[in-house]
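Enquirer: The structure follows.
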Amino acid sequence: MALQNIGASNSDDAFYRYKMPKMITKIEGRGNGIKTNIVNMVDVAKALARPASYTTKYFGCELGAQSKFDEKTGVSLVNGAHDTAKLAGLLENFIKKYVQCYGCGNPETEVLITKTQMVQLKCAACGFISDVDMRDKLTSFILKNPPEQKKNSKDKKAMRRAEKERLKEGEAADEELKKLKKETKKKGVSSSTSKDAHSVKSTSSKKKPSGSDEERGSPTVSQAGDKEDADEEDDDVQWQTDTSAEAARLRVQEQLSAVTAEMVMLATEEPTKAAPPKAVVNGKTTHETLVEKAKENLKNGMAPKELMSSLSGSRQETMTALYEALFDGVEKGFAKQVVKRKKYFAAAVAEGGDSQMILLRAMEAFCGKSNPVAVKEVPLVLKALYDVDVLEEEHVVKWYEEGLNGGNKSSLIWKNAKPFVEWLQSAESETEED
């Protein structure tokens, strides 16, 4: 079966992963009873993740003809003789209105119906919610025939909850077992310690080792077992602490030395993630100087590789300066600008290693400078860089997890990037299952 990319704008992309079969039509009957049969409508609708009744009804609404889809047989009929090219054009309009995300253009969307009877599309890639034009005739049909909700996600969530509950019950049972063991051990220790210590010492001093040197040097198996039991009992014995003033003073000094040592360790570790240097040269910081140099080289039309080599500083400093220079003066539409200037980002990550992480941190630094529009478009920028093969799944997920666990975890960047990261992880798991 011949396949084609979903969406006319992606028709030339040989690596586009969203595909659907080409439409096949057949004209049946004659005279007033002539009809057009879309032979593979079920396969086309399945590729678009929409009911076949939606596409069939849309053809009828746009052509002003009666249409019918039989759920049992899967036959899709539209009254009248219509050629394949005309129906393919109408299908393209259907994809733009009811399949593709209005934000990023991804066809992986889900039809939602709000409480106010509005039809929306929720994108699994960027999280954008698109409002469908309710003046379209098909919207009334969708409201009367809402799509079936996906049950797989609910089943998976239920299984995860059951697994968590089972683990909690197992941990609780283990804790109860440990408590019972400790109680039995404490009872045994208390009964043994009630004996007179002096009598025990005297009896032990009277006993003398007997046998050869080898017997005295190597304990028997029973002696080793007794020794292990004694060690286990010692773990539950509560030893008294010296409460004298001298002992308290020594403990305070030890605690203070430990705290100061920890502070020294933290002081040596924190500079590894320090911000760009604040050194001032001629009234400007090093970062501002790098940004101005990058802007000047961009205006002169310098090639991407030459531009990166012309900036002096660490890799993170040069990447941050390049990102800010590329988006200087951009108020919205960052994702479109990313696609236009993808050659600069491709050259920046061509060195390999942690170049992708450095690029992601540069984007994070740019969005953190009180730029609410840039923060909102974080998922669109991530998807644009992912589509042009500048970013890979593992680096995006690693950057996202480090951000959540870091000191700036309350930033809106992680909230906006969450839908795209979840989409990446779900797509990867589906690929492994396939």
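Chain labels run A, B, ... following the order of the structure tokens; each chain numbers its residues from 1, and ligands are numbered from 1 in the order shown.
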Write out as a ChimeraX atom specification the residues lying within 7 Å of region 119-122 of chain A, counting only C-alpha atoms and excluding same-chain residues fewer than 5 positions away.
Expert: /A:101,109-114,127-132,139
Enquirer: Can you pull out the residues contacting region 375-379 of chain A? Cut-off 7 Å, using only C-alpha atoms, and skip same-chain residues under 4 positions away; I want them as a ChimeraX atom specification.
Expert: /A:126,334,367,371,383,412-413,416-417,420
Enquirer: Tell me, in Å to one decimal, how far CA of Gly80 (chain A) is from CA of Pro147 (chain A).
Expert: 27.8 Å
Enquirer: Contacts of Gly403 (chain A) at 10 Å or less, counting only C-alpha atoms, minus same-chain residues fewer than 4 places along, as a PyMOL selection string?
Expert: chain A and resi 361+364+397-399+407-411+413-414
Enquirer: Between CA of Gln425 (chain A) and CA of Ala162 (chain A), measure the distance and give it in Å to one decimal.
Expert: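 Pair CA of Gln425 (chain A) / CA of Ala162 (chain A) returns 21.9 Å.
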Enquirer: Which residues, written as a PyMOL selection string, have at least one atom at most 8 Å from Leu77 (chain A), with only C-alpha atoms counted and residues fewer than 6 positions away on the same chain left out?
Expert: chain A and resi 35-38+56+67-69
Enquirer: Give the helix (DSSP H, G or I) residues of region 274-373 of chain A, as assigned by DSSP on the backbone, as an MDAnalysis selection string.
Expert: chainID A and resid 286:299 304:310 315:326 334:340 342:348 355:367 372:373
Enquirer: How many Å lie between CA of Lys168 (chain A) and CA of Lys181 (chain A), rounded to one decimal?
Expert: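 Calculated distance between CA of Lys168 (chain A) and CA of Lys181 (chain A) is 20.1 Å.
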